[in-house]
Amino acid sequence: MTVGIVMLVHTALNRAEEVARHWTRGGCPVVIHVDRIVPKPAFDAFVESLSDCPSILFSRRHRCEWGTWGLVAASQDAAELMLNRFEEVRHVYLASGACLPLRPVEELVEYLAMRPRTDFIESATTADVPWTVGGLDHERFTMYFPFSWRKHRYLFDRFVEFQRQIGFRRRVPKGLVPHMGSQWWCLTRQTLSAILQDPDRPKYDRYFRRVWIPDESYFQTLSRLYSTNIESRSLTLSKFDFQGKPHIFYDDHLQLLRRSDCFVARKIWPHAGRLYDAFLSEPNGTTSRQEPNPGKIDRIFAKAVDRRTRGRAGLYMQSRFPNLGWENGVTAGKYSVFQGFSELFQDFESWLARATGAQVHGHLFGPERAEFAGGQSVLNGALSDNAALRDYNPKAFLTNLLWNTRGERQCFQYGPHDNPKVLWDMSRDPNAQISVISGAWAVPLFKSNANFADIRTEAAALQKIENSMLDTLRSPDVKARIRIWSMAEFIEAPMEPLQVIIDEIGQKSLRRLAEAPRLEDLAGFGQFLQNLKNQGMHPYLMGDFPVDPGPRAAQSQRRKPYLVKH
Amino acid sequence: MGAWQSYRLRLRRRRWRIRAFRKRRDLRPVANRTADIRPGDILLFSTQRNEGVRLPWFLKYYREMGVNHFFFVDNDSADGSLDYLARQPDVSVWTTRASYKRARFGVDWLNWLSMKYAHGHWILTVDPDELFLYPFCDTRPLRALTDWLDASSIKSFSAMLLDMYPKGRLDQQPYSAGQDPLEIASWFDAGNYTISRNGQLGNLWIQGGPRARVFFADDPAKAPALNKIPLVKWDRRYAYVSSTHNLLPRGLNQVYDEWGGEKASGILLHTKFLSTFAEKAEEELTRKQHYGASREYTAYAEAVRDNPDLWCKWSEKYINWRQLEILGLMSKGNWA
């Protein structure tokens, strides 16, 4: 008993010849179907070149356009020829010209000999498979498809829509339950002959002739009628990309294919000489009885599909430039933005770096330059601190920074002095953690030595800017993690919010903070605000501060960096 | 896009094609071996002027990649490079003394040659200082890529220009003919590129890299464009618009995914910054034949006189295409 190979061939005839000879060397008869688009001279030369092999036959030629009946007709004719002419064949294996046997032919023969009643055909009901092209699953069995999907896509789509609208449904012949699956099967003589000799075959053929992509459903459906033992998987390793087009194997897949232990793989690039040499050479004697194990290949191709459809989060580049809202992650990593903290605390940045282990920058969007951590003028990825370069495209600056430093948590300061354009982008980025102490910009003014008239103007401008910033952060479509305190509220109990922020950054162990940043001395700040009010400028973003240096101010004066017990 | 705009772009494409047709008279054939071209051959198109020192490596690089035939337009070279090209068995070369600028920086000439000879072929349009990289280029020939693109019904392939530079002054390590330029110019900027979209033609506009960082820091808007689409399954109705930055019809510029995914793309390693650069910059400055009133070269010439060290602490040293893939400069897309 042996295995008969049916080969459907349309290009790369020289490779098909090599593979056919390989099969016959292993004792498997071969029936080749050559597509009718192959010109007569080329076909004749091909037949001639294989005329020395008595166990290679050629079946009647059909035109096999993708997704049409021709492929099924070709398989039927070739299978009939195989069953009639080669008595000793028990299993028939359908392969294409771009298929390559990966294991010695004897192993396949033996494997099938041990499973004499098993039909290997991937066959699933339409409801259960996700991999349909064009979104048509059960509809491919209940509609007409007179227009080519490849050549007349527009008409194809319109006609499908039309049939949907008028609620048109073809009747599926009685007794059939539509199944689909890979077109590369391996069926027993019993099942295959039952399909081919069924008295109802003309009826079934008539029906499937009008089904879309019948080569993925004809044998898959009919074998369910006759087979006693279906293994719903294909022995041919064949992976599909997101468009339903088979992945192609090249020379560099050699080791991967070897380790897969699959019997046959498709599709092989015709110029992949190393693959053909390696797998068509004589076997070296050691036979393995391993089950096929395509896991690793599956993962690689699944990753490729994922890269093509979802891409790498936070990456903007020449072949990935997502529309707004389609980024799958606006930026590459989580980051924290602090507004008002370095104004209110004397050593906030170094404290934050110690407490979290993150990279802490100054005002990245500051007016002079991008204040990178450690005073660097260039950062990862050769990102320059030049303000003009940065402000040319602030969003790209931000996404570049986070892409370049992925794997390391980034924190930076922000405020009403800084480039405001980037705030909207940050506010709709779920990776951003934005913490604002509103009104803290007044502290440097309070400490400054400027004339009061200038201070007043400056304060008015900053308050206006920060107010509009807060509006942005409070708009309904923000996706960032946003916390806003007024300054008065914050200094009431600064450690609590700090602890929450640090915990959320979550870099270091979840210990309580041992050390607090040092608060600026705010004695007289209430009076300062009152002076601004007296000048007609009402600072409201910082909350209520009593005018007289009351008990709270006195307390904060005495306060040392305080410790919290573990 | 409305019908009116579509119609205007069609007119524009026709204008470029007519212009290319008129500019054919600039070109005088020196060696025409186009009869050797077989169907399915991969063709390369390039203009060159006094690039003799680069050509040996250039030809070797692309022959090994699998380019079958080279087309050169020689713009009045004086260094013997024309004779050198004419002697190569797989090169067809034309020469001209006409203005590079008035041929829209060579685009008209190459549009004409590709219109005439490249219909139905995959063509790669690169400058002599550009080395093309694509995913798996170390294990798969260029034909593997074009076959895959054909099978995926993709007609154009993007490859961003990546400026390569040496560590230290540009004139420190002299470049000699036949040498791999990447031995000297082996550094690049990995992550400082900015992208915006060209609304009319649909292509991306990419700027950045060392040229923006060093030469155009004060006026980034004027920094040179780095987006390129050098590999196209050519049809005689196509036309390059501005260098190989974009083409018409504009569907060919859709080399990027807008819904979050990544399309496959490559890189053009730009080895302009070698020891030959300072001389070239001076010459181009006097010829005034380059894009945007040669302002690029004005900027160079000034900076080059000072201290042309483009290297910085965060420069990345080139290893292979996989490195560039990981850095997000190019992508395998769904080619695996």
# chains A, B, ... in the order shown; residues from 1 in each chain; ligands from 1
$ interface_residues --of "chain A" --to "chain B" --cutoff "7 Å" --atoms "only C-alpha atoms" --output "PyMOL selection string"
chain A and resi 252+301+304-305+307-311+315+317-323+326-328+378-384+386+388-389+392-393+396+400+404
$ select_by_dssp --residues "range 233-326 of chain B" --states "alpha helix (DSSP H)" --output "MDAnalysis selection string"
chainID B and resid 277:287 295:306 321:326
$ residues_around --residues "range 115-129 of chain A" --least-positions-apart "3" --cutoff "9 Å" --atoms "only C-alpha atoms" --output "number ranges by chain"
A: 90-91, 110-112, 132, 137-138, 177-188, 190-191, 216-217, 219-221, 223-224, 227-235
$ residues_around --residues "Leu13 in chain A" --least-positions-apart "6" --cutoff "12 Å" --atoms "only C-alpha atoms" --output "ChimeraX atom specification"
/A:7,19-20,32-35,38-39,42-47,49-50,96-98,270
$ residues_around --residues "Leu44 in chain B" --least-positions-apart "5" --cutoff "7 Å" --atoms "only C-alpha atoms" --output "JSON, numbers by chain"
{"B": [67, 69, 70, 71, 123, 124, 125]}
